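Participant: Here it is, the structure, as structure tokens.
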Amino acid sequence: MSEYRIQGETGEWEVVIGLEVHAQITSNAKLFSGASAAYGGEPNSHVSLVDAAMPGMLPVPNRECIRQAVRTGMAINAQINAWSRFDRKNYFYADLPQGYQISQLYHPIVGEGEIEVILDEKDADSPRKTIGIERIHVEQDAGKLMHDQHPTMSYVDLNRCGVALMEIVSKPDMNSPAEAGAYVKKLRSILRYVGSCDGNMEEGSMRADVNVSVRKPGGELGTRTETKNVNSIRFVMQTIEVEARRQVDLIEDGGAVVQETRLFDPNKMETRSMRSKEDAHDYRYFPDPDLLPLELDDAFLEECRASLPELPDAKRVRYEGMGLSAYNAAVLTAEAETAFWFEDLLAQGAEPKQASNWLQSELFGALNRLGKSLDESPVNPAQAAELLKLVSDGTISGSIAKQVFEIMLETGQGASAIVEEKGLKQTSDTGAIEAVIAEILAANPGQLEAYRGGKEQLFGFFVGQTMKAMQGKANPGVVNDLLKKALA
Amino acid sequence: MTDLTKLGVAAIRDGVASGAFKAVEVAEAFNTNVAAAKVLNAFIVETPEKAVEAAQAVDADRAAGKPLGKMAGVPIGMKDLFCTEGVQTTAASHILEGFIPQYESTVSANLWRAGAGMLGKLNMDQFAMGSSNETSYFGNVISPWKRGGGDNAALAPGGSSGGSASAIAARLCPAATGTDTGGSIRQPAAFVGISGIKPTYGRCSRWGIVAFASSLDQAGPMARDVRDCAIMLEAMAGFDPKDSTSLDLAVPDWEAALSSDLRGKKVGIPKEYRLDGIDEDIAAMWDNGIAWLKDAGAEIVEISLPHTKYALPAYYIIAPAEASSNLARYDGVRYGLRDLPDGAGLQDMYAATRAAGFGAEVRRRIMIGTYVLSAGFYDAYYTQAQKVRALIARDFEQAWGVCDLILAPTAPSAAFGLGEKTNDPLSMYLNDVFAVPASLAGLPAMSVPGGLSKEGLPLGLQIVGKALDEQGVLNAGLAIEERAGFTAEAEKWW
């Protein structure tokens, strides 16, 4: 991919990046308890006795969370470990009632896999890069401390406590902010396709720990820092930029990078030390004795595989095969919602190229204007297909379709009904069109003369005038044919 | 009229069912004994009204002709490790003092459903860590037994289920729940001349039992005889989807299949248990046990459990390791004790709360456990101990190639005096030397009275069986019980 280099006083530096993405697993209940995993809710309203770590409470794995992790692993062509185990990561904090997080250190459920990223999806020739995935393991989220509720005390909200997370650990295979951004984007897209995580970074359903080190190109790996809990793709890229720059400046000033945990401050555009290795926790990981090893049988794995949807890469290739441009296919497949919407359109009988163009120009344009997302679209695929059909069967012209679409957005009415009510049906009545053409030619003798004198660009002028006179309802093909005859 | 408190589980159940007496009369009789025995300190909380309530329900059911449960009309003591809804549950600790669960442990719920009633919450070693009941925050339990010859020294009832043992021996209850992590049912049963069985790991749900060492903890009954243990274990056991380590198996009808005919059974005598300097009384009792089992038709074979000597060290790594993590939840944040010094931050609160809330033995084990799990020591201690555990399990597996059951002493000595071993934790830990291997292997094991020491104190014989063979263990226990003729009782002084 791109040769991203940081220009230092001593020359160029290469950046090495690895990401640990925490993705909240989509499930109704938490990883080890029956409490709701829904986002929001009054503080401590989604808390079971297990989540609050009451005496004698025991975790029971939620099959759906395990299933989602396995499906995710399959979607990145990863090794699925039929035998895995949960470990306890021990540390004290008020948002962690058990005093340990149940995680998987020694035997994760998903082993090595990979994700192919395209740096510039608009460019069909953009280089592609395969980013290795080290592992995916399943673990519990912690609760949340609230420091603004009381002058001297902190409050604890355990709603998130015990919610299932996947930690997706990449190999240090990325070398630029853009690559890291493309990786997170692609990963999020895959998670959404699979349905294992909603990828909503604003609500914290996805966040990244960013490992960065710098080295002279091709040299030994440098000491890395880990910037925690970065919660947007833009921030991931910015973190890498500022942290790599900081490391280069530090080293060139004769200092040394310390292995430590840092935080990104988007306001000051800097990373700050959270804690260094010296005061790092000793987590005392050991196998959770409350849980048996997780053993997945063939039937379960088969069900997981069978339930996987067509994934973005496969979809993109298929769309290109339908005659869509590489760019259009990439845009349609980048987000699962877009692809699903597009396929609904096709299922309703729309023609692929027409549907793709309309979706990307008309629909996206309108949604953009309205500030709405695709799933909030006032027009659904069935309604859109109806509109497109009116264009393709010649009932209305493309320009009338735009008007009809506007009315659909405003009123929610069906396309056919609007066309009927407003009398927008296009006419191929040659007699009527010929009459209008005759009037136009008569009214514009100068242009007519010029045209006949060789100024053939004026053909468009006559088309425009005719269409205008017919309020856009004339069939453009018929108008063309008749005009050519009349002007000959 | 007979003294109802002289009756065991089967006799009470049958008497209530036949109408010989009312369940309420039984409850009241035991309530009276409990109230009169405060000096034994066997109970942390007494719940006479609960015992009467449950008894009334049983009497009403009987009057209405409804079917009665396995434990109908039997009042029992509940070890304070079991969470009981609406009744303080402390694990005999200060840190949980005043903690009243809003939920009922699966095992206790099973017992109430079977018609048992609760006389109270029984004292124990704090968080089940101890072999003498001296680590309880609520003061030690005293054994009803005294050494002969006018020695008036107060004796330990064993531990950690010492309250259960003492209460049954003193006839404050006909039976009680215990839990056994490394001998906590068997050793106290042996010390006070009663029976107790730790079933196969996973038979009884751990849900709602305050955890000590999750991979070892197992609930079981303690009662006056083998039949009573069989009845109560049936009521306690069963699959529980809330405990991932619970065994999804039907509960056998152990009582119905009780038989002391051991013909065709081979009983192994592990040579490694015959330690140098073994107590003479213990050795003699063991020999008697061998003779009784032979008499019952069993064939005796010598077996080897070569890794036995590593069991205790491995246990004292694994159990504290798990405990150090299991007890992390007692942090003063959500329930139980909170010690918040002026101006204290979160870390100070943790330190103050846990220093004040945990007793010395609990703190010692948390520190040992934290140490053996820490970076740089984990492999040398924890990983190594797990390997030893696997070898010990393999020892048993190999033994089952030549025998069906194993007979050994329960403990290396009779009950010791309170305070005698307090300052020597290692000699205290040695008490569990015979009990721990079966715990590490998750096997069913039972202690039944095997006789008296020269000083007139009870001694226990231990039977260890194959996984899930509680029946074989109970049957061998019954064969010993029938031949040992153990009728000795503590002379009432309280």
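Simple scheme: letters A, B, ... for chains in structure tokens order, numbers from 1 for residues in each chain, numbers from 1 for ligands in the order shown.
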Name the residues in contact with stretch 328-331 of chain A at a cut-off of 12 Å, using only C-alpha atoms, excluding same-chain residues fewer than 5 positions from it; report them as a ChimeraX atom specification.

Facilitator: /A:117-124,126,186,189,312-323,336-339,342,352-361,364

Participant: Dump as a list in words the residues of chain A that approach chain B to within 6 Å, counting only C-alpha atoms.

Facilitator: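 Close to chain B, chain A has Pro55, Gly56, Met57, Val60, Pro97, Gln98, Gly99, Arg284, Pro289, Asp290 and Leu291 of chain A.
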
Participant: So which residues touch A:Asn211 within 6 Å, counting only C-alpha atoms, skipping near sequence neighbours fewer than 6 positions away, as a list of chain:residue names?

Facilitator: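 Once the nearby chain positions are removed, what remains is A:Ile17, A:Gly18, A:Leu19, A:Thr225, A:Glu226.
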
Participant: Quick one: distance from atom CA of B:Gly477 to atom CA of B:Leu407 in Å, one decimal?

Facilitator: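 Interatomic distance here is 9.9 Å.
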
Participant: As a list in words, please: the residues near A:Tyr91 (cut-off 8 Å, only C-alpha atoms, same-chain neighbours under 5 positions excluded).

Facilitator: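 Contacts, in chain order: Gly99, Tyr100, Gln101, His281, Asp282 and Tyr283 of chain A.
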
Participant: Using N, CA and C atoms, can you export the residues from the last selection as a PDB file, in the first residue's frame?

Facilitator:
ATOM      1  N   GLY A  99     -14.501  -8.451  40.842  1.00  0.00           N
ATOM      2  CA  GLY A  99     -13.082  -8.345  41.154  1.00  0.00           C
ATOM      3  C   GLY A  99     -12.253  -9.050  40.099  1.00  0.00           C
ATOM      4  N   TYR A 100     -12.908  -9.544  39.077  1.00  0.00           N
ATOM      5  CA  TYR A 100     -12.202 -10.112  37.925  1.00  0.00           C
ATOM      6  C   TYR A 100     -13.117 -10.022  36.720  1.00  0.00           C
ATOM      7  N   GLN A 101     -12.459  -9.920  35.560  1.00  0.00           N
ATOM      8  CA  GLN A 101     -13.191  -9.951  34.296  1.00  0.00           C
ATOM      9  C   GLN A 101     -13.042 -11.358  33.737  1.00  0.00           C
ATOM     10  N   HIS A 281      -0.961  -3.461  36.133  1.00  0.00           N
ATOM     11  CA  HIS A 281      -1.550  -4.496  36.978  1.00  0.00           C
ATOM     12  C   HIS A 281      -0.905  -5.859  36.708  1.00  0.00           C
ATOM     13  N   ASP A 282      -0.837  -6.646  37.755  1.00  0.00           N
ATOM     14  CA  ASP A 282      -0.544  -8.064  37.555  1.00  0.00           C
ATOM     15  C   ASP A 282      -1.908  -8.733  37.614  1.00  0.00           C
ATOM     16  N   TYR A 283      -2.418  -9.129  36.471  1.00  0.00           N
ATOM     17  CA  TYR A 283      -3.816  -9.570  36.398  1.00  0.00           C
ATOM     18  C   TYR A 283      -4.059 -10.977  36.917  1.00  0.00           C
TER      19      TYR A 283
END

Participant: Skipping near chain neighbours, those fewer than 5 positions away, what residues fall within 7 Å of A:Ser27 using only C-alpha atoms, listed as a PyMOL selection string?

Facilitator: chain A and resi 37+64-65

Participant: Pick out the closest residue to B:Gly289 from this set: B:Ile168, B:Val16, B:Ala390, B:Ile269. Count only C-alpha atoms.

Facilitator: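 Nearest to B:Gly289: B:Ile269.
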
Participant: Assign secondary structure with DSSP using the backbone only, and return the residues of stretch 21-189 of chain A in strand (DSSP E) as a ChimeraX atom specification.

Facilitator: /A:21-24,83-84,87-90,100-103,113-118,128-140,144-146,155-157,164-170

Participant: Next, the residues of the selection above should be written as a tab-separated table (two decimals), in the first residue's frame with C-alpha atoms.

Facilitator:
chain	number	residue	atom	x	y	z
A	21	VAL	CA	-10.90	-3.74	18.59
A	22	HIS	CA	-13.51	-4.33	21.28
A	23	ALA	CA	-16.84	-5.02	19.64
A	24	GLN	CA	-20.00	-5.46	21.64
A	83	TRP	CA	-12.05	-26.21	22.43
A	84	SER	CA	-11.55	-22.92	24.23
A	87	ASP	CA	-9.91	-17.22	32.22
A	88	ARG	CA	-10.23	-14.71	35.02
A	89	LYS	CA	-8.39	-11.43	34.75
A	90	ASN	CA	-8.14	-10.22	38.31
A	100	TYR	CA	-12.20	-10.11	37.92
A	101	GLN	CA	-13.19	-9.95	34.30
A	102	ILE	CA	-14.02	-13.25	32.65
A	103	SER	CA	-12.00	-13.28	29.44
A	113	GLY	CA	-7.62	-15.08	10.32
A	114	GLU	CA	-7.34	-12.19	7.92
A	115	ILE	CA	-9.12	-9.23	6.41
A	116	GLU	CA	-8.43	-7.70	3.01
A	117	VAL	CA	-8.65	-3.92	2.91
A	118	ILE	CA	-8.74	-1.51	-0.01
A	128	ARG	CA	-5.20	-4.07	-1.53
A	129	LYS	CA	-3.58	-5.28	1.64
A	130	THR	CA	-4.24	-8.28	3.78
A	131	ILE	CA	-4.22	-7.54	7.50
A	132	GLY	CA	-3.66	-10.55	9.72
A	133	ILE	CA	-5.93	-11.22	12.68
A	134	GLU	CA	-4.15	-12.77	15.63
A	135	ARG	CA	-7.23	-13.92	17.51
A	136	ILE	CA	-10.73	-13.11	18.65
A	137	HIS	CA	-11.70	-13.80	22.20
A	138	VAL	CA	-14.90	-13.26	24.14
A	139	GLU	CA	-15.03	-11.34	27.40
A	140	GLN	CA	-17.22	-9.33	29.76
A	144	LYS	CA	-19.47	2.60	34.35
A	145	LEU	CA	-18.46	5.03	37.07
A	146	MET	CA	-20.27	8.35	37.30
A	155	TYR	CA	-21.72	6.30	41.60
A	156	VAL	CA	-21.62	3.00	39.74
A	157	ASP	CA	-23.91	1.96	36.89
A	164	ALA	CA	-20.44	-9.61	25.87
A	165	LEU	CA	-17.51	-8.19	23.95
A	166	MET	CA	-15.35	-9.64	21.24
A	167	GLU	CA	-11.77	-8.51	21.36
A	168	ILE	CA	-10.45	-8.68	17.83
A	169	VAL	CA	-6.68	-8.49	17.88
A	170	SER	CA	-4.87	-7.65	14.64
